[in-house]
Amino acid sequence: MVRRGVGTSSSPDDARGVYGISVAAELVGMGVQTLRLYEARGLLEPERTAGGTRRYSADDLGRLRRIGDLLDAGLNLAGIGMVLDLEAENTQLRAEQAEQEWLRTAAITAGRPGGKSRTSVATNKSSTAGPASPT
């Protein structure tokens with residue numbers, strides 16, 4: 001249940017740990033001991049309160065569901081760890097590539113007169129040209 005009121009949002013941040021272990025286990029259809037095993041094997045790392053209680057985030061729940069899918073596909077826990085690491089690396093590389101593409105596009109756009117794109121420069125040229133002379 002999400003509380004609504006002063007200082008709270010209607011939905012928690014996906015990375016913020018809000019679910020206790022029993023609620024998280026129920027939400028993903030796994031046992032509490034299974035979640036502890038996955039943590040011990042390094043497949044996920046839930047947040048901890050000051051008292052040491054595990055708090056699972058929406059991102060953690062998604063990761064647990066992905067682990068379940070990979071288990072259903074026949075992978076063992078060591079293989080799942082490798083797949084999850086490769087997926088995280090792939091996501092990071094794609095984000096870096098998108099950022100580089102954006103920076104390259106911004107640099108090209110900034111290098112044009114007035115920082116305008118080719119389309120807007122061409123439009124401005126045609127709209128400022130005088131009337132066509134009769135031939």
# chains A, B, ... in the order shown; residues from 1 in each chain; ligands from 1
>>> closest_atom_pairs(of="stretch 56-120 of chain A", to="stretch 13-24 of chain A", cutoff="8 Å", atoms="only C-alpha atoms", output="CSV")
residue,atom,partner,partner_atom,distance
A:Tyr56,CA,A:Gly17,CA,4.4
A:Ser57,CA,A:Gly17,CA,4.0
A:Ala58,CA,A:Asp14,CA,4.8
A:Asp59,CA,A:Asp14,CA,5.5
A:Asp60,CA,A:Ala15,CA,7.7
A:Leu61,CA,A:Ala24,CA,6.8
>>> write_last_selection(atoms="N, CA and C atoms", output="CSV table (one decimal), in the first residue's frame")
chain,number,residue,atom,x,y,z
A,56,TYR,N,13.3,-4.5,-0.8
A,56,TYR,CA,13.4,-4.7,-2.2
A,56,TYR,C,12.7,-3.6,-3.0
A,57,SER,N,13.3,-3.2,-4.1
A,57,SER,CA,12.7,-2.2,-4.9
A,57,SER,C,11.9,-2.8,-6.1
A,58,ALA,N,11.3,-2.0,-6.8
A,58,ALA,CA,10.6,-2.4,-8.0
A,58,ALA,C,11.6,-3.0,-9.0
A,59,ASP,N,12.8,-2.3,-9.1
A,59,ASP,CA,13.9,-2.9,-10.0
A,59,ASP,C,14.3,-4.3,-9.5
A,60,ASP,N,14.4,-4.5,-8.2
A,60,ASP,CA,14.8,-5.8,-7.6
A,60,ASP,C,13.7,-6.8,-8.0
A,61,LEU,N,12.5,-6.4,-8.0
A,61,LEU,CA,11.4,-7.4,-8.3
A,61,LEU,C,11.5,-7.8,-9.8
>>> select_by_dssp(residues="stretch 24-108 of chain A", states="alpha helix (DSSP H)", output="NGL selection string")
:A and (24-28 or 32-40 or 58-72 or 77-108)
>>> atom_distance(atom1="atom CA of A:Gly68", atom2="atom CA of A:Ile80")
9.5 Å
>>> residues_around(residues="A:Leu84", least_positions_apart="5", cutoff="9 Å", atoms="only C-alpha atoms", output="mmCIF file with N, CA and C atoms, in the first residue's frame")
data_model
loop_
_atom_site.group_PDB
_atom_site.id
_atom_site.type_symbol
_atom_site.label_atom_id
_atom_site.label_comp_id
_atom_site.auth_asym_id
_atom_site.auth_seq_id
_atom_site.Cartn_x
_atom_site.Cartn_y
_atom_site.Cartn_z
ATOM 1 N N LEU A 43 23.273 -12.477 -7.071
ATOM 2 C CA LEU A 43 22.389 -12.173 -8.197
ATOM 3 C C LEU A 43 21.597 -10.890 -7.997
ATOM 4 N N ARG A 63 14.210 -7.789 -11.543
ATOM 5 C CA ARG A 63 15.397 -8.658 -11.655
ATOM 6 C C ARG A 63 15.064 -10.074 -11.202
ATOM 7 N N ARG A 66 13.221 -11.747 -13.906
ATOM 8 C CA ARG A 66 14.152 -12.114 -14.982
ATOM 9 C C ARG A 66 14.923 -13.378 -14.601
ATOM 10 N N ILE A 67 15.332 -13.480 -13.337
ATOM 11 C CA ILE A 67 16.019 -14.684 -12.856
ATOM 12 C C ILE A 67 15.109 -15.898 -13.031
ATOM 13 N N GLY A 79 25.213 -19.332 -14.696
ATOM 14 C CA GLY A 79 24.895 -18.805 -16.026
ATOM 15 C C GLY A 79 24.011 -17.577 -15.951
ATOM 16 N N GLU A 89 25.843 -4.629 -18.744
ATOM 17 C CA GLU A 89 26.906 -4.012 -19.533
ATOM 18 C C GLU A 89 26.364 -3.508 -20.869
#
>>> select_by_dssp(residues="stretch 30-124 of chain A", states="strand (DSSP E or B)", output="list in words")
Glu47, Arg48, Arg54, Arg55 and Tyr56 of chain A
>>> write_last_selection(atoms="N, CA and C atoms", output="PDB file, in the first residue's frame")
ATOM      1  N   GLU A  47      18.438  -3.183  -0.842  1.00  0.00           N
ATOM      2  CA  GLU A  47      18.848  -2.191   0.149  1.00  0.00           C
ATOM      3  C   GLU A  47      18.672  -2.784   1.542  1.00  0.00           C
ATOM      4  N   ARG A  48      19.337  -2.191   2.494  1.00  0.00           N
ATOM      5  CA  ARG A  48      19.195  -2.598   3.899  1.00  0.00           C
ATOM      6  C   ARG A  48      18.863  -1.376   4.727  1.00  0.00           C
ATOM      7  N   ARG A  54      16.215  -6.303   4.949  1.00  0.00           N
ATOM      8  CA  ARG A  54      16.231  -6.165   3.487  1.00  0.00           C
ATOM      9  C   ARG A  54      15.004  -5.385   3.026  1.00  0.00           C
ATOM     10  N   ARG A  55      15.228  -4.512   2.045  1.00  0.00           N
ATOM     11  CA  ARG A  55      14.145  -3.761   1.400  1.00  0.00           C
ATOM     12  C   ARG A  55      14.326  -3.880  -0.106  1.00  0.00           C
ATOM     13  N   TYR A  56      13.337  -4.476  -0.757  1.00  0.00           N
ATOM     14  CA  TYR A  56      13.393  -4.725  -2.194  1.00  0.00           C
ATOM     15  C   TYR A  56      12.678  -3.616  -2.955  1.00  0.00           C
TER      16      TYR A  56
END
